[in-house]
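A.B. asks: My file is coords-v7.pdb. It has PDB, C-alpha atoms:
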MODEL        1
ATOM      1  CA  MET A   1      22.962  10.376   4.248  1.00  0.00           C
ATOM      2  CA  GLU A   2      20.321  11.730   6.639  1.00  0.00           C
ATOM      3  CA  LYS A   3      17.530   9.448   7.771  1.00  0.00           C
ATOM      4  CA  PRO A   4      14.734   9.542   5.184  1.00  0.00           C
ATOM      5  CA  ILE A   5      11.213  10.630   6.093  1.00  0.00           C
ATOM      6  CA  ILE A   6       9.046   7.522   6.061  1.00  0.00           C
ATOM      7  CA  ILE A   7       5.318   7.876   5.425  1.00  0.00           C
ATOM      8  CA  GLY A   8       2.803   5.036   5.686  1.00  0.00           C
ATOM      9  CA  ILE A   9      -0.539   5.191   3.879  1.00  0.00           C
ATOM     10  CA  ALA A  10      -3.131   2.568   4.799  1.00  0.00           C
ATOM     11  CA  GLY A  11      -6.830   2.125   4.089  1.00  0.00           C
ATOM     12  CA  GLY A  12      -9.323  -0.212   2.494  1.00  0.00           C
ATOM     13  CA  THR A  13      -9.118  -1.536  -1.028  1.00  0.00           C
ATOM     14  CA  ALA A  14      -9.695   1.214  -3.630  1.00  0.00           C
ATOM     15  CA  SER A  15      -9.783   3.867  -0.909  1.00  0.00           C
ATOM     16  CA  GLY A  16      -7.340   6.178  -2.701  1.00  0.00           C
ATOM     17  CA  LYS A  17      -4.010   5.190  -1.117  1.00  0.00           C
ATOM     18  CA  THR A  18      -2.084   5.069  -4.383  1.00  0.00           C
ATOM     19  CA  THR A  19      -3.600   8.365  -5.528  1.00  0.00           C
ATOM     20  CA  LEU A  20      -2.463  10.033  -2.311  1.00  0.00           C
ATOM     21  CA  ALA A  21       1.035   8.566  -2.670  1.00  0.00           C
ATOM     22  CA  LYS A  22       1.223   9.943  -6.221  1.00  0.00           C
ATOM     23  CA  LYS A  23       0.066  13.392  -5.019  1.00  0.00           C
ATOM     24  CA  ILE A  24       2.945  13.449  -2.540  1.00  0.00           C
ATOM     25  CA  LYS A  25       5.373  12.437  -5.289  1.00  0.00           C
ATOM     26  CA  GLU A  26       4.009  15.143  -7.592  1.00  0.00           C
ATOM     27  CA  GLU A  27       4.824  17.676  -4.875  1.00  0.00           C
ATOM     28  CA  PHE A  28       8.324  16.442  -3.975  1.00  0.00           C
ATOM     29  CA  LYS A  29       9.288  14.873  -7.325  1.00  0.00           C
ATOM     30  CA  ASP A  30      12.522  12.845  -7.298  1.00  0.00           C
ATOM     31  CA  ASP A  31      12.837  13.178  -3.531  1.00  0.00           C
ATOM     32  CA  VAL A  32      10.109  10.521  -3.204  1.00  0.00           C
ATOM     33  CA  ILE A  33      10.107   6.778  -3.787  1.00  0.00           C
ATOM     34  CA  ILE A  34       6.891   4.795  -3.434  1.00  0.00           C
ATOM     35  CA  LEU A  35       6.884   1.224  -2.161  1.00  0.00           C
ATOM     36  CA  SER A  36       3.558  -0.568  -2.436  1.00  0.00           C
ATOM     37  CA  HIS A  37       2.933  -3.444  -0.036  1.00  0.00           C
ATOM     38  CA  ASP A  38       1.359  -5.199  -3.037  1.00  0.00           C
ATOM     39  CA  PHE A  39       4.813  -5.531  -4.627  1.00  0.00           C
ATOM     40  CA  TYR A  40       5.568  -7.910  -1.755  1.00  0.00           C
ATOM     41  CA  TYR A  41       2.695 -10.350  -2.134  1.00  0.00           C
ATOM     42  CA  LYS A  42       4.051 -13.833  -1.518  1.00  0.00           C
ATOM     43  CA  ASN A  43       4.912 -15.796  -4.635  1.00  0.00           C
ATOM     44  CA  HIS A  44       2.862 -18.965  -5.148  1.00  0.00           C
ATOM     45  CA  SER A  45       4.467 -20.304  -8.299  1.00  0.00           C
ATOM     46  CA  ASN A  46       3.786 -23.845  -7.092  1.00  0.00           C
ATOM     47  CA  LEU A  47       0.042 -23.263  -7.530  1.00  0.00           C
ATOM     48  CA  THR A  48      -2.015 -23.013 -10.713  1.00  0.00           C
ATOM     49  CA  LYS A  49      -3.535 -19.674 -11.689  1.00  0.00           C
ATOM     50  CA  GLU A  50      -6.953 -20.999 -10.671  1.00  0.00           C
ATOM     51  CA  GLU A  51      -5.608 -22.062  -7.277  1.00  0.00           C
ATOM     52  CA  ARG A  52      -3.921 -18.698  -6.784  1.00  0.00           C
ATOM     53  CA  ALA A  53      -7.198 -16.914  -7.553  1.00  0.00           C
ATOM     54  CA  LYS A  54      -8.769 -18.591  -4.514  1.00  0.00           C
ATOM     55  CA  LEU A  55      -6.147 -17.318  -2.061  1.00  0.00           C
ATOM     56  CA  ASN A  56      -6.890 -14.661   0.543  1.00  0.00           C
ATOM     57  CA  PHE A  57      -4.975 -11.546  -0.536  1.00  0.00           C
ATOM     58  CA  ASP A  58      -6.308  -9.317   2.246  1.00  0.00           C
ATOM     59  CA  CYS A  59      -4.707 -10.751   5.379  1.00  0.00           C
ATOM     60  CA  PRO A  60      -1.229 -10.197   6.866  1.00  0.00           C
ATOM     61  CA  GLU A  61      -0.092 -13.681   5.829  1.00  0.00           C
ATOM     62  CA  ALA A  62      -0.537 -12.775   2.139  1.00  0.00           C
ATOM     63  CA  TYR A  63       2.546 -10.553   2.205  1.00  0.00           C
ATOM     64  CA  GLU A  64       6.285 -11.058   2.553  1.00  0.00           C
ATOM     65  CA  THR A  65       6.407  -8.094   4.925  1.00  0.00           C
ATOM     66  CA  ASP A  66       9.784  -9.151   6.332  1.00  0.00           C
ATOM     67  CA  LEU A  67      11.334  -8.512   2.918  1.00  0.00           C
ATOM     68  CA  LEU A  68       9.670  -5.090   2.705  1.00  0.00           C
ATOM     69  CA  ILE A  69      11.063  -4.179   6.135  1.00  0.00           C
ATOM     70  CA  LYS A  70      14.508  -5.433   5.100  1.00  0.00           C
ATOM     71  CA  HIS A  71      14.347  -3.273   1.974  1.00  0.00           C
ATOM     72  CA  ILE A  72      13.250  -0.176   3.893  1.00  0.00           C
ATOM     73  CA  ARG A  73      16.076  -0.612   6.392  1.00  0.00           C
ATOM     74  CA  ALA A  74      18.530  -0.979   3.501  1.00  0.00           C
ATOM     75  CA  LEU A  75      17.257   2.251   1.925  1.00  0.00           C
ATOM     76  CA  MET A  76      17.564   3.963   5.305  1.00  0.00           C
ATOM     77  CA  ASP A  77      21.210   2.874   5.345  1.00  0.00           C
ATOM     78  CA  GLY A  78      21.795   4.391   1.915  1.00  0.00           C
ATOM     79  CA  GLU A  79      21.744   1.099   0.024  1.00  0.00           C
ATOM     80  CA  THR A  80      20.076   0.337  -3.316  1.00  0.00           C
ATOM     81  CA  ILE A  81      17.447  -2.426  -3.412  1.00  0.00           C
ATOM     82  CA  GLN A  82      15.928  -4.710  -6.029  1.00  0.00           C
ATOM     83  CA  ARG A  83      12.229  -4.599  -5.322  1.00  0.00           C
ATOM     84  CA  PRO A  84       9.816  -7.228  -6.652  1.00  0.00           C
ATOM     85  CA  ILE A  85       7.281  -6.696  -9.425  1.00  0.00           C
ATOM     86  CA  TYR A  86       3.869  -8.288  -8.892  1.00  0.00           C
ATOM     87  CA  SER A  87       1.486  -9.200 -11.698  1.00  0.00           C
ATOM     88  CA  TYR A  88      -2.161  -8.776 -10.663  1.00  0.00           C
ATOM     89  CA  VAL A  89      -3.263 -10.580 -13.812  1.00  0.00           C
ATOM     90  CA  GLU A  90      -1.156 -13.707 -13.180  1.00  0.00           C
ATOM     91  CA  ARG A  91      -1.151 -13.269  -9.377  1.00  0.00           C
ATOM     92  CA  LEU A  92       2.570 -14.021  -9.408  1.00  0.00           C
ATOM     93  CA  ARG A  93       5.831 -12.168  -8.963  1.00  0.00           C
ATOM     94  CA  GLU A  94       7.619 -11.504 -12.200  1.00  0.00           C
ATOM     95  CA  LYS A  95      11.189 -12.690 -12.696  1.00  0.00           C
ATOM     96  CA  GLU A  96      12.455  -9.139 -13.193  1.00  0.00           C
ATOM     97  CA  THR A  97      12.972  -6.667 -10.355  1.00  0.00           C
ATOM     98  CA  VAL A  98      13.153  -2.868 -10.192  1.00  0.00           C
ATOM     99  CA  THR A  99      16.267  -1.069  -8.966  1.00  0.00           C
ATOM    100  CA  VAL A 100      15.322   1.464  -6.285  1.00  0.00           C
ATOM    101  CA  LYS A 101      17.873   3.951  -4.994  1.00  0.00           C
ATOM    102  CA  PRO A 102      17.648   5.739  -1.630  1.00  0.00           C
ATOM    103  CA  ALA A 103      15.659   8.989  -1.470  1.00  0.00           C
ATOM    104  CA  PRO A 104      14.856  11.593   1.190  1.00  0.00           C
ATOM    105  CA  ILE A 105      11.190  10.515   1.374  1.00  0.00           C
ATOM    106  CA  ILE A 106       9.896   6.942   1.345  1.00  0.00           C
ATOM    107  CA  VAL A 107       6.136   6.440   0.947  1.00  0.00           C
ATOM    108  CA  ILE A 108       4.839   2.988   1.849  1.00  0.00           C
ATOM    109  CA  GLU A 109       1.252   2.341   0.800  1.00  0.00           C
ATOM    110  CA  GLY A 110      -0.993  -0.677   1.200  1.00  0.00           C
ATOM    111  CA  LEU A 111      -3.978  -2.182   2.940  1.00  0.00           C
ATOM    112  CA  LEU A 112      -2.053  -3.356   5.975  1.00  0.00           C
ATOM    113  CA  VAL A 113       1.071  -1.199   6.233  1.00  0.00           C
ATOM    114  CA  LEU A 114      -0.033  -0.020   9.699  1.00  0.00           C
ATOM    115  CA  GLU A 115      -0.985  -3.512  10.895  1.00  0.00           C
ATOM    116  CA  ASN A 116       2.582  -4.774  11.323  1.00  0.00           C
ATOM    117  CA  LYS A 117       4.165  -3.112  14.374  1.00  0.00           C
ATOM    118  CA  GLU A 118       7.772  -3.482  13.202  1.00  0.00           C
ATOM    119  CA  LEU A 119       6.869  -1.848   9.909  1.00  0.00           C
ATOM    120  CA  SER A 120       4.726   0.937  11.362  1.00  0.00           C
ATOM    121  CA  ASP A 121       7.398   1.724  13.977  1.00  0.00           C
ATOM    122  CA  LEU A 122       9.694   2.807  11.125  1.00  0.00           C
ATOM    123  CA  MET A 123       7.225   5.508  10.037  1.00  0.00           C
ATOM    124  CA  ASP A 124       7.377   9.203  10.846  1.00  0.00           C
ATOM    125  CA  MET A 125       3.842   9.757   9.586  1.00  0.00           C
ATOM    126  CA  LYS A 126       0.959   7.259   9.611  1.00  0.00           C
ATOM    127  CA  ILE A 127      -1.995   8.047   7.383  1.00  0.00           C
ATOM    128  CA  PHE A 128      -5.301   6.208   7.026  1.00  0.00           C
ATOM    129  CA  VAL A 129      -7.547   6.949   4.034  1.00  0.00           C
ATOM    130  CA  ASP A 130     -11.102   6.401   5.288  1.00  0.00           C
ATOM    131  CA  THR A 131     -13.411   5.990   2.286  1.00  0.00           C
ATOM    132  CA  ASP A 132     -17.054   4.887   2.200  1.00  0.00           C
ATOM    133  CA  ALA A 133     -17.409   1.127   1.599  1.00  0.00           C
ATOM    134  CA  ASP A 134     -19.923   1.518  -1.258  1.00  0.00           C
ATOM    135  CA  LEU A 135     -17.624   3.930  -3.091  1.00  0.00           C
ATOM    136  CA  ARG A 136     -14.660   1.602  -2.588  1.00  0.00           C
ATOM    137  CA  LEU A 137     -16.630  -1.326  -4.046  1.00  0.00           C
ATOM    138  CA  ILE A 138     -17.639   0.715  -7.112  1.00  0.00           C
ATOM    139  CA  ARG A 139     -14.024   1.782  -7.663  1.00  0.00           C
ATOM    140  CA  LEU A 140     -12.844  -1.800  -7.150  1.00  0.00           C
ATOM    141  CA  LEU A 141     -15.265  -3.137  -9.764  1.00  0.00           C
ATOM    142  CA  GLU A 142     -14.188  -0.484 -12.287  1.00  0.00           C
ATOM    143  CA  ARG A 143     -10.459  -0.914 -11.649  1.00  0.00           C
ATOM    144  CA  ASP A 144     -10.174  -4.679 -11.475  1.00  0.00           C
ATOM    145  CA  THR A 145     -12.360  -5.430 -14.484  1.00  0.00           C
ATOM    146  CA  LYS A 146     -10.421  -2.933 -16.611  1.00  0.00           C
ATOM    147  CA  GLU A 147      -6.884  -3.352 -15.307  1.00  0.00           C
ATOM    148  CA  ARG A 148      -6.584  -6.736 -13.630  1.00  0.00           C
ATOM    149  CA  GLY A 149      -8.495  -9.073 -15.901  1.00  0.00           C
ATOM    150  CA  THR A 150     -11.135 -10.086 -13.360  1.00  0.00           C
ATOM    151  CA  THR A 151     -14.900 -10.424 -13.712  1.00  0.00           C
ATOM    152  CA  VAL A 152     -17.695  -8.756 -11.768  1.00  0.00           C
ATOM    153  CA  GLU A 153     -18.708 -12.182 -10.467  1.00  0.00           C
ATOM    154  CA  TYR A 154     -15.209 -12.909  -9.162  1.00  0.00           C
ATOM    155  CA  ILE A 155     -14.920  -9.517  -7.463  1.00  0.00           C
ATOM    156  CA  THR A 156     -18.322  -9.681  -5.771  1.00  0.00           C
ATOM    157  CA  ALA A 157     -17.633 -13.226  -4.553  1.00  0.00           C
ATOM    158  CA  LYS A 158     -14.225 -12.203  -3.159  1.00  0.00           C
ATOM    159  CA  TYR A 159     -15.758  -9.112  -1.587  1.00  0.00           C
ATOM    160  CA  LYS A 160     -18.190 -11.254   0.365  1.00  0.00           C
ATOM    161  CA  SER A 161     -15.751 -14.046   1.259  1.00  0.00           C
ATOM    162  CA  THR A 162     -12.568 -12.146   2.122  1.00  0.00           C
ATOM    163  CA  LEU A 163     -12.479  -8.425   1.268  1.00  0.00           C
ATOM    164  CA  LYS A 164     -15.252  -7.277   3.598  1.00  0.00           C
ATOM    165  CA  PRO A 165     -14.481  -9.578   6.560  1.00  0.00           C
ATOM    166  CA  MET A 166     -10.715  -8.938   6.301  1.00  0.00           C
ATOM    167  CA  HIS A 167     -11.363  -5.198   6.153  1.00  0.00           C
ATOM    168  CA  GLU A 168     -13.357  -5.382   9.365  1.00  0.00           C
ATOM    169  CA  LYS A 169     -10.851  -7.686  11.082  1.00  0.00           C
ATOM    170  CA  TYR A 170      -7.501  -6.207  10.035  1.00  0.00           C
ATOM    171  CA  ILE A 171      -7.780  -2.939   8.098  1.00  0.00           C
ATOM    172  CA  GLU A 172     -10.395  -0.909   9.984  1.00  0.00           C
ATOM    173  CA  PRO A 173      -8.532  -1.273  13.330  1.00  0.00           C
ATOM    174  CA  CYS A 174      -5.462   0.323  11.684  1.00  0.00           C
ATOM    175  CA  LYS A 175      -7.340   3.637  11.715  1.00  0.00           C
ATOM    176  CA  GLU A 176      -6.634   3.838  15.443  1.00  0.00           C
ATOM    177  CA  LYS A 177      -2.885   3.600  14.752  1.00  0.00           C
ATOM    178  CA  ALA A 178      -2.863   6.523  12.316  1.00  0.00           C
ATOM    179  CA  ASN A 179      -1.981  10.049  13.338  1.00  0.00           C
ATOM    180  CA  ILE A 180      -3.735  11.454  10.254  1.00  0.00           C
ATOM    181  CA  VAL A 181      -7.124  10.177   9.017  1.00  0.00           C
ATOM    182  CA  ILE A 182      -8.397  11.430   5.660  1.00  0.00           C
ATOM    183  CA  HIS A 183     -12.116  11.488   4.855  1.00  0.00           C
ATOM    184  CA  GLY A 184     -13.565  12.324   1.460  1.00  0.00           C
ATOM    185  CA  ASN A 185     -14.806  15.734   2.545  1.00  0.00           C
ATOM    186  CA  ASP A 186     -11.462  16.928   3.928  1.00  0.00           C
ATOM    187  CA  TYR A 187      -9.115  15.417   1.335  1.00  0.00           C
ATOM    188  CA  GLN A 188      -7.562  18.625   0.001  1.00  0.00           C
ATOM    189  CA  GLU A 189      -7.245  20.141   3.463  1.00  0.00           C
ATOM    190  CA  LYS A 190      -5.484  17.038   4.805  1.00  0.00           C
ATOM    191  CA  LEU A 191      -3.286  16.782   1.704  1.00  0.00           C
ATOM    192  CA  ASN A 192      -2.122  20.366   2.243  1.00  0.00           C
ATOM    193  CA  TYR A 193      -1.504  19.550   5.917  1.00  0.00           C
ATOM    194  CA  ILE A 194       0.558  16.444   5.006  1.00  0.00           C
ATOM    195  CA  ILE A 195       2.685  18.388   2.508  1.00  0.00           C
ATOM    196  CA  GLU A 196       3.321  21.131   5.078  1.00  0.00           C
ATOM    197  CA  LYS A 197       4.162  18.526   7.734  1.00  0.00           C
ATOM    198  CA  ILE A 198       6.695  16.876   5.420  1.00  0.00           C
ATOM    199  CA  ARG A 199       8.321  20.254   4.768  1.00  0.00           C
ATOM    200  CA  GLN A 200       8.575  20.849   8.516  1.00  0.00           C
ATOM    201  CA  ILE A 201      10.256  17.469   9.057  1.00  0.00           C
ATOM    202  CA  GLU A 202      12.640  18.150   6.140  1.00  0.00           C
ATOM    203  CA  ASN A 203      13.718  21.384   7.766  1.00  0.00           C
TER     204      ASN A 203
ENDMDL
END
Show me this structure written as structure tokens.
C.D. replies:
Amino acid sequence: MEKPIIIGIAGGTASGKTTLAKKIKEEFKDDVIILSHDFYYKNHSNLTKEERAKLNFDCPEAYETDLLIKHIRALMDGETIQRPIYSYVERLREKETVTVKPAPIIVIEGLLVLENKELSDLMDMKIFVDTDADLRLIRLLERDTKERGTTVEYITAKYKSTLKPMHEKYIEPCKEKANIVIHGNDYQEKLNYIIEKIRQIEN
């Protein structure tokens, strides 16, 4: 098996990382597997749900990145992995896993996928989705109240205590590590460029 093309997509919370990953998959179909860094949040089954809710989920220590790297290397070697499933509602890993088979294109998306050097060194393409902070907060409020069982009060408190400061400390500096930065006004142009770049690497 040839070495897969590995694409990293970073950016702030609710910046559009997952949407971009899905756009790439729509273009290349079954040739793409998507690994979200969020799947690899550390499991804190020893804590209560209330205690877990107080944890900082926006720093490098929140993730079991070593396991993600191990899984990517296994996929690169043509091996099948059992990737974790993470419940945003319970803030716990589920007991079940998902079987993921190797594919020609691996998309890794998450807040901090460019922060870890060992992880980012595996990537052929490093993308940062740069979205206005106010827009991200609006999207976050809409998404997390509808899909993740959280309240507006919880989200705004977390935004002040961890989301905003962690973005400034860890996520924003990752923009300098990207070789493609997407802004709202050039989204389609950059998406077309990314798709063309992938085709060039494939050939």
A.B. asks: Applied to this file, what does the PyMOL selection byres ((chain A and resi 112-125) around 6) return in terms of residues, put as a VMD selection string?
C.D. replies: chain A and resid 6 to 7 10 110 to 111 126 174
A.B. asks: Please evaluate the PyMOL selection byres ((chain A and resi 192-199) around 10) against the displayed coordinates and give the resulting residues as a list in words.
C.D. replies: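 Here the PyMOL selection byres ((chain A and resi 192-199) around 10) matches Ile5, Ile6, Ile7, Lys23, Ile24, Glu27, Phe28, Ile105, Asp124, Met125, Ile127, Ile180, Tyr187, Gln188, Glu189, Lys190, Leu191, Gln200, Ile201, Glu202 and Asn203 of chain A.
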A.B. asks: Can you spell out as a PyMOL selection string the set of residues that the PyMOL selection byres ((chain A and resi 41) around 6) selects in the structure I just provided?
C.D. replies: chain A and resi 38-40+42+62-64
A.B. asks: Taking 2 positions as the minimum chain separation for residues in the same chain, which residues sit within 12 Å of segment 134-147 of chain A when counting all atoms listed in the file? Answer as JSON, numbers by chain.
C.D. replies: {"A": [11, 12, 13, 14, 15, 16, 17, 87, 88, 89, 129, 130, 131, 132, 149, 150, 151, 152, 153, 154, 155, 156, 157, 158, 159, 160, 163, 164, 167, 184]}
A.B. asks: Rounded to one decimal, what separation in Å do you get between atom CA of Asn185 of chain A and atom CA of Tyr170 of chain A?
C.D. replies: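 We find that atom CA of Asn185 of chain A and atom CA of Tyr170 of chain A lie 24.3 Å from each other.
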A.B. asks: Kindly give the distance, in Å, that separates atom CA of Leu92 of chain A and atom CA of Leu47 of chain A, rounded to a single decimal.
C.D. replies: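 Atom-to-atom, atom CA of Leu92 of chain A and atom CA of Leu47 of chain A are spaced 9.8 Å apart.
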A.B. asks: Measuring atom to atom with all atoms listed in the file, identify which of A:Leu55, A:Met76, A:Ile106, A:Ile69 is nearest to Arg91 of chain A.
C.D. replies: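 Going through A:Leu55, A:Met76, A:Ile106, A:Ile69 one by one, the smallest distance to Arg91 of chain A is for A:Leu55.
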A.B. asks: Can you measure atom CA of Lys169 of chain A to atom CA of Leu68 of chain A for me? One decimal in Å is fine.
C.D. replies: 22.3 Å
A.B. asks: Just need the box for segment 101-109 of chain A, edges along x, y and z, holding every atom the file lists for it with 5 Å tacked onto each side, so centre and edge lengths in Å to one decimal, as JSON.
C.D. replies:
{"center_x": 9.6, "center_y": 7.0, "center_z": -1.6, "size_x": 26.6, "size_y": 19.3, "size_z": 16.8}
A.B. asks: Which polymer residues have any atom within 7 Å of an atom of Pro104 of chain A, counting all atoms listed in the file, with same-chain residues fewer than 5 positions away left out, as a ChimeraX atom specification?
C.D. replies: /A:4-5,31-32
A.B. asks: From the structure just shown, export segment 61-140 of chain A with C-alpha atoms as a PDB file, in the first residue's frame.
C.D. replies:
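Contents of out.pdb, as written:
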ATOM      1  CA  GLU A  61      -3.419  17.679  28.080  1.00  0.00           C
ATOM      2  CA  ALA A  62      -7.131  17.027  27.420  1.00  0.00           C
ATOM      3  CA  TYR A  63      -6.311  14.580  24.629  1.00  0.00           C
ATOM      4  CA  GLU A  64      -4.743  11.141  24.368  1.00  0.00           C
ATOM      5  CA  THR A  65      -2.766  12.334  21.351  1.00  0.00           C
ATOM      6  CA  ASP A  66      -0.259   9.485  21.663  1.00  0.00           C
ATOM      7  CA  LEU A  67      -3.049   7.028  20.858  1.00  0.00           C
ATOM      8  CA  LEU A  68      -4.124   9.100  17.845  1.00  0.00           C
ATOM      9  CA  ILE A  69      -0.540   9.105  16.547  1.00  0.00           C
ATOM     10  CA  LYS A  70      -0.293   5.348  17.129  1.00  0.00           C
ATOM     11  CA  HIS A  71      -3.508   4.840  15.164  1.00  0.00           C
ATOM     12  CA  ILE A  72      -2.360   7.036  12.276  1.00  0.00           C
ATOM     13  CA  ARG A  73       0.938   5.169  12.048  1.00  0.00           C
ATOM     14  CA  ALA A  74      -0.968   1.870  12.029  1.00  0.00           C
ATOM     15  CA  LEU A  75      -3.185   3.094   9.178  1.00  0.00           C
ATOM     16  CA  MET A  76      -0.074   4.231   7.313  1.00  0.00           C
ATOM     17  CA  ASP A  77       1.234   0.674   7.653  1.00  0.00           C
ATOM     18  CA  GLY A  78      -1.967  -0.741   6.181  1.00  0.00           C
ATOM     19  CA  GLU A  79      -3.433  -1.897   9.487  1.00  0.00           C
ATOM     20  CA  THR A  80      -7.036  -1.593  10.689  1.00  0.00           C
ATOM     21  CA  ILE A  81      -7.684   0.328  13.922  1.00  0.00           C
ATOM     22  CA  GLN A  82     -10.404   0.468  16.559  1.00  0.00           C
ATOM     23  CA  ARG A  83     -10.926   4.151  17.158  1.00  0.00           C
ATOM     24  CA  PRO A  84     -12.682   5.486  20.263  1.00  0.00           C
ATOM     25  CA  ILE A  85     -16.157   7.010  20.349  1.00  0.00           C
ATOM     26  CA  TYR A  86     -16.578  10.070  22.567  1.00  0.00           C
ATOM     27  CA  SER A  87     -19.891  11.189  24.039  1.00  0.00           C
ATOM     28  CA  TYR A  88     -20.118  14.987  24.309  1.00  0.00           C
ATOM     29  CA  VAL A  89     -23.255  14.648  26.413  1.00  0.00           C
ATOM     30  CA  GLU A  90     -21.674  12.357  29.033  1.00  0.00           C
ATOM     31  CA  ARG A  91     -18.132  13.690  28.460  1.00  0.00           C
ATOM     32  CA  LEU A  92     -16.901  10.099  28.458  1.00  0.00           C
ATOM     33  CA  ARG A  93     -15.630   7.548  25.979  1.00  0.00           C
ATOM     34  CA  GLU A  94     -18.180   4.933  25.096  1.00  0.00           C
ATOM     35  CA  LYS A  95     -17.392   1.251  25.566  1.00  0.00           C
ATOM     36  CA  GLU A  96     -17.816   0.535  21.856  1.00  0.00           C
ATOM     37  CA  THR A  97     -15.225   1.431  19.226  1.00  0.00           C
ATOM     38  CA  VAL A  98     -15.397   1.982  15.463  1.00  0.00           C
ATOM     39  CA  THR A  99     -13.432  -0.182  13.037  1.00  0.00           C
ATOM     40  CA  VAL A 100     -11.460   2.027  10.642  1.00  0.00           C
ATOM     41  CA  LYS A 101      -9.683   0.527   7.651  1.00  0.00           C
ATOM     42  CA  PRO A 102      -6.764   2.164   5.818  1.00  0.00           C
ATOM     43  CA  ALA A 103      -7.573   4.630   3.025  1.00  0.00           C
ATOM     44  CA  PRO A 104      -5.584   6.713   0.533  1.00  0.00           C
ATOM     45  CA  ILE A 105      -6.468   9.984   2.310  1.00  0.00           C
ATOM     46  CA  ILE A 106      -6.547  10.547   6.067  1.00  0.00           C
ATOM     47  CA  VAL A 107      -8.068  13.813   7.321  1.00  0.00           C
ATOM     48  CA  ILE A 108      -7.282  14.710  10.926  1.00  0.00           C
ATOM     49  CA  GLU A 109      -9.347  17.573  12.312  1.00  0.00           C
ATOM     50  CA  GLY A 110      -9.380  19.258  15.697  1.00  0.00           C
ATOM     51  CA  LEU A 111      -8.538  22.339  17.699  1.00  0.00           C
ATOM     52  CA  LEU A 112      -4.947  21.355  18.352  1.00  0.00           C
ATOM     53  CA  VAL A 113      -3.927  18.922  15.610  1.00  0.00           C
ATOM     54  CA  LEU A 114      -1.129  21.302  14.544  1.00  0.00           C
ATOM     55  CA  GLU A 115       0.047  21.970  18.107  1.00  0.00           C
ATOM     56  CA  ASN A 116       1.712  18.584  18.618  1.00  0.00           C
ATOM     57  CA  LYS A 117       4.925  18.419  16.561  1.00  0.00           C
ATOM     58  CA  GLU A 118       5.006  14.622  16.251  1.00  0.00           C
ATOM     59  CA  LEU A 119       1.449  14.653  14.954  1.00  0.00           C
ATOM     60  CA  SER A 120       1.856  17.610  12.598  1.00  0.00           C
ATOM     61  CA  ASP A 121       5.092  16.138  11.198  1.00  0.00           C
ATOM     62  CA  LEU A 122       3.024  13.254   9.788  1.00  0.00           C
ATOM     63  CA  MET A 123       0.941  15.655   7.675  1.00  0.00           C
ATOM     64  CA  ASP A 124       1.380  16.429   3.996  1.00  0.00           C
ATOM     65  CA  MET A 125      -0.989  19.386   4.203  1.00  0.00           C
ATOM     66  CA  LYS A 126      -1.630  21.629   7.221  1.00  0.00           C
ATOM     67  CA  ILE A 127      -4.751  23.766   7.120  1.00  0.00           C
ATOM     68  CA  PHE A 128      -5.953  26.390   9.591  1.00  0.00           C
ATOM     69  CA  VAL A 129      -9.563  27.610   9.424  1.00  0.00           C
ATOM     70  CA  ASP A 130      -9.457  31.225  10.620  1.00  0.00           C
ATOM     71  CA  THR A 131     -12.980  32.298  11.595  1.00  0.00           C
ATOM     72  CA  ASP A 132     -14.109  35.453  13.402  1.00  0.00           C
ATOM     73  CA  ALA A 133     -14.409  34.924  17.177  1.00  0.00           C
ATOM     74  CA  ASP A 134     -17.942  36.375  17.401  1.00  0.00           C
ATOM     75  CA  LEU A 135     -19.181  34.059  14.652  1.00  0.00           C
ATOM     76  CA  ARG A 136     -17.529  31.070  16.324  1.00  0.00           C
ATOM     77  CA  LEU A 137     -19.236  31.900  19.638  1.00  0.00           C
ATOM     78  CA  ILE A 138     -22.652  32.176  17.954  1.00  0.00           C
ATOM     79  CA  ARG A 139     -22.129  28.830  16.212  1.00  0.00           C
ATOM     80  CA  LEU A 140     -20.909  27.278  19.467  1.00  0.00           C
TER      81      LEU A 140
END
